[in-house]
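Novice: Encoded as structure tokens, here's the structure I'll be asking about.
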There are 2 protein chains.
Amino acid sequence: MASDARTAASSAIVRDMDDTVDDGGSAPGEEEDLDALPATEGEVDPGEPVPPQLPDLQIPEPGRTLSAVTVRVGPDADFVDILVRLRDAGADVVSVNSFPATRGEADVDRVLDVEFRDLDGESAADAVRRAPGVVVAEPRATLGQIFGKRVIIIGGGAQVAQVSLGAVSESDRHNLRGERISVDTIALVGERNIANTVRAVADLPRAHILVLAGSIMGGDITAAVREIQAAGIPVISLNMVGSVVDVADLVVSDPVQAGTMAVMAIADTARFSLERARGRRF
Amino acid sequence: MASDARTAASSAIVRDMDDTVDDGGSAPGEEEDLDALPATEGEVDPGEPVPPQLPDLQIPEPGRTLSAVTVRVGPDADFVDILVRLRDAGADVVSVNSFPATRGEADVDRVLDVEFRDLDGESAADAVRRAPGVVVAEPRATLGQIFGKRVIIIGGGAQVAQVSLGAVSESDRHNLRGERISVDTIALVGERNIANTVRAVADLPRAHILVLAGSIMGGDITAAVREIQAAGIPVISLNMVGSVVDVADLVVSDPVQAGTMAVMAIADTARFSLERARGRRF
């Protein structure tokens, strides 16, 4: 068993080195997992990886069309009319973002980015191209296709930076194998600020896991952690003072390892399961 | 003049230390800038800080209402009907995000987060509460109010992590003084991947500056850099092989300093101006 594992790991390493010279185009799920925790008795069952826990309309899934259109409009355009046309063409709209026009084009004062499922980008652009006020409509990739799932890190600057270092380095390895995982952070101070920000992670598109990186967190932050766990977002905490460690899904002392484990927990190309490690301290 | 500056800096340091024990609630713009580059002849004019270059509908601005509502809906809800009701109540919708319901509430299958200007959250919640299929409608803070402007870092894992370290540490200092700046990263490989991702930064809500962290970038990446600069997003590049350094707004050899400068360039509480440093190499 141990020697099997070693053989598998060594052939996977060879494949991994190959990956670094290509374009990162290999399909996720093809490689052996290099990133699982060393198995302890009873912790790792043989068999299939645990499927991801959090459904997300903005992350690509096999067999489902996910696409986007950028619409550059003038003052005559009707935001709602454009969405009605997309819906009538069959689109299930999952996000809309509005930007002021900044490229200096004549007749364009606003840019609408619309992401949707069940319709391809070309058909969507055709559907809105003749709407009043539309100057340009063109398909583009969705933010989920480009930036993928997000690891969110919140806390004090020094510790957020170290967790980020671990998470960025680990995400690099998974992105080389065809995934898209991004690592997003905010450095904050104060119970109220941090609690409000933890709650807002539930509203953040494509946020799949949260790491709390600080030295003392409790009170309303602990209440906020329970709320976002109830919404399906797991929480890893550094080992610290305060009650947050009592409710976190995982407590990790080393910030670099905390960031690494956060990425492994949401990667399709890793076999690390928070479910199986839940409540442990590392 | 020099002694005036020293006196101002020392009183600002005292205030800065006070900030670390309060809630970060002091208003931006109150303090003297501690973060400007040392002035060189002709580089820094005395006078007002340069106003931010990039208009952004999703970032709070003085004198303009920015608010959000979370609407938890069942299968009978009509996405477009909800937006029409908000618009009729006076809202200028700037973003919509749709999530699958994950809290197990009866009758709720989807959550819509809508952000808008020119209407307060309570009035918006009242406007949609009686729409068909709406189970709960409640006001909440916008993502711009919580996560603020975003520094985006793209490149190779090792270097992205170091730029992130500088940017997170510097953003911590500005967030302590009442700003909200977050630092978001993705580690990627390959000209095509990176060029597509650079282009997508223009579509990323609240992205205000991009740092390219790698060792060789050129070709289509350089073309993509020109495109997002044309959209108003400045680009800082590490000093590296390839043509990206010829078009970047600023080239910085030390990744920690590159991250620091990126935050200073978009902070309201710093007096660093990319405009005045443009084209220089550090």
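The way I read the labels, and the way they are meant: chains A, B, ... in the order of the structure tokens, residue 1 as the first residue of every chain, and ligand 1 as the first ligand shown, with later ones counted on from there.
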Using only C-alpha atoms, I'd like every residue of chain A that has an atom within 6 Å of chain B; please write them out as a PyMOL selection string.
Specialist: chain A and resi 23+94-98+102-103+157+161+165+168-169+172+182-187+190+230-231
Novice: Take the residues just selected and output them with C-alpha atoms as a short mmCIF file (atom, residue, chain, number, x, y, z; two decimals), in the first residue's frame.
Specialist:
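So again25.cif came out as:
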```
data_model
loop_
_atom_site.label_atom_id
_atom_site.label_comp_id
_atom_site.auth_asym_id
_atom_site.auth_seq_id
_atom_site.Cartn_x
_atom_site.Cartn_y
_atom_site.Cartn_z
CA ASP A 23 -0.15 25.94 -21.42
CA VAL A 94 -26.89 34.87 -13.28
CA SER A 95 -25.09 38.20 -13.03
CA VAL A 96 -25.12 41.75 -14.35
CA ASN A 97 -22.47 44.41 -13.82
CA SER A 98 -22.65 47.97 -14.97
CA THR A 102 -14.11 54.81 -20.08
CA ARG A 103 -12.81 54.26 -23.61
CA GLY A 157 -2.14 42.36 7.31
CA ALA A 161 -0.10 38.04 3.66
CA LEU A 165 1.46 33.17 0.19
CA VAL A 168 -1.32 31.51 -4.07
CA SER A 169 1.50 28.95 -4.27
CA ASP A 172 -0.61 27.90 -8.92
CA SER A 182 -8.08 32.81 -7.36
CA VAL A 183 -7.01 34.07 -3.94
CA ASP A 184 -8.65 37.27 -2.71
CA THR A 185 -7.88 39.11 0.50
CA ILE A 186 -8.81 42.06 2.66
CA ALA A 187 -6.85 43.31 5.67
CA GLY A 190 -12.02 45.50 14.63
CA ALA A 230 -25.00 27.74 7.30
CA ALA A 231 -24.90 29.23 3.79
#
```
Novice: Any chance you could list, as a PyMOL selection string, the residues in stretch 168-250 of chain A that come up strand (DSSP E) when DSSP is run on the backbone?
Specialist: chain A and resi 181-187+207-213+235-238+250
Novice: Within 9 Å of A:Val136, counting only C-alpha atoms, which residues qualify if same-chain residues fewer than 3 places away don't, as a PyMOL selection string?
Specialist: chain A and resi 70-73+108+125+129
Novice: Dump N, CA, C and O atoms for the selected residues as a PDB file, in the first residue's frame?
Specialist:
```pdb
ATOM      1  N   THR A  70     -20.958  41.371 -23.465  1.00  0.00           N
ATOM      2  CA  THR A  70     -20.694  42.759 -23.081  1.00  0.00           C
ATOM      3  C   THR A  70     -21.492  43.657 -24.017  1.00  0.00           C
ATOM      4  O   THR A  70     -21.398  43.510 -25.233  1.00  0.00           O
ATOM      5  N   VAL A  71     -22.291  44.541 -23.430  1.00  0.00           N
ATOM      6  CA  VAL A  71     -23.145  45.418 -24.217  1.00  0.00           C
ATOM      7  C   VAL A  71     -22.759  46.857 -23.913  1.00  0.00           C
ATOM      8  O   VAL A  71     -22.845  47.307 -22.775  1.00  0.00           O
ATOM      9  N   ARG A  72     -22.316  47.564 -24.940  1.00  0.00           N
ATOM     10  CA  ARG A  72     -21.919  48.974 -24.776  1.00  0.00           C
ATOM     11  C   ARG A  72     -23.070  49.837 -25.261  1.00  0.00           C
ATOM     12  O   ARG A  72     -23.470  49.759 -26.418  1.00  0.00           O
ATOM     13  N   VAL A  73     -23.626  50.639 -24.347  1.00  0.00           N
ATOM     14  CA  VAL A  73     -24.887  51.308 -24.640  1.00  0.00           C
ATOM     15  C   VAL A  73     -24.802  52.820 -24.463  1.00  0.00           C
ATOM     16  O   VAL A  73     -23.950  53.337 -23.738  1.00  0.00           O
ATOM     17  N   VAL A 108     -21.465  56.028 -26.406  1.00  0.00           N
ATOM     18  CA  VAL A 108     -21.490  55.007 -25.358  1.00  0.00           C
ATOM     19  C   VAL A 108     -21.274  55.677 -24.010  1.00  0.00           C
ATOM     20  O   VAL A 108     -20.294  56.395 -23.826  1.00  0.00           O
ATOM     21  N   ALA A 125     -25.561  37.913 -28.090  1.00  0.00           N
ATOM     22  CA  ALA A 125     -25.190  39.183 -28.719  1.00  0.00           C
ATOM     23  C   ALA A 125     -26.175  39.527 -29.832  1.00  0.00           C
ATOM     24  O   ALA A 125     -26.619  40.676 -29.960  1.00  0.00           O
ATOM     25  N   ARG A 129     -28.452  42.988 -30.039  1.00  0.00           N
ATOM     26  CA  ARG A 129     -27.753  43.935 -30.909  1.00  0.00           C
ATOM     27  C   ARG A 129     -28.680  45.009 -31.473  1.00  0.00           C
ATOM     28  O   ARG A 129     -28.256  46.137 -31.692  1.00  0.00           O
TER      29      ARG A 129
END
```
Novice: Give the answer as one residue: which of A:Leu238, A:Met264, A:Ala195, A:Ala270 has the shortest atom-to-atom distance to A:Phe282, using only C-alpha atoms?
Specialist: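 Smallest distance to A:Phe282 is found for A:Leu238.
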Novice: Pick out the closest residue to A:Arg281 from this set: A:Val256, A:Leu86, A:Val225, A:Ile236. Count only C-alpha atoms.
Specialist: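 Ranking A:Val256, A:Leu86, A:Val225, A:Ile236 by distance to A:Arg281, first place goes to A:Ile236.
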Novice: If you run DSSP on the backbone here, which positions in stretch 29-235 of chain B get helix (DSSP H, G or I)? Please write them as a VMD selection string.
Specialist: chain B and resid 79 to 88 121 to 129 143 to 147 157 to 176 191 to 201 220 to 230
Novice: Hey, can you check how far atom CA of A:Gly242 sits from atom CA of A:Ile221?
Specialist: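 Straight-line distance from atom CA of A:Gly242 to atom CA of A:Ile221 works out to 9.6 Å.
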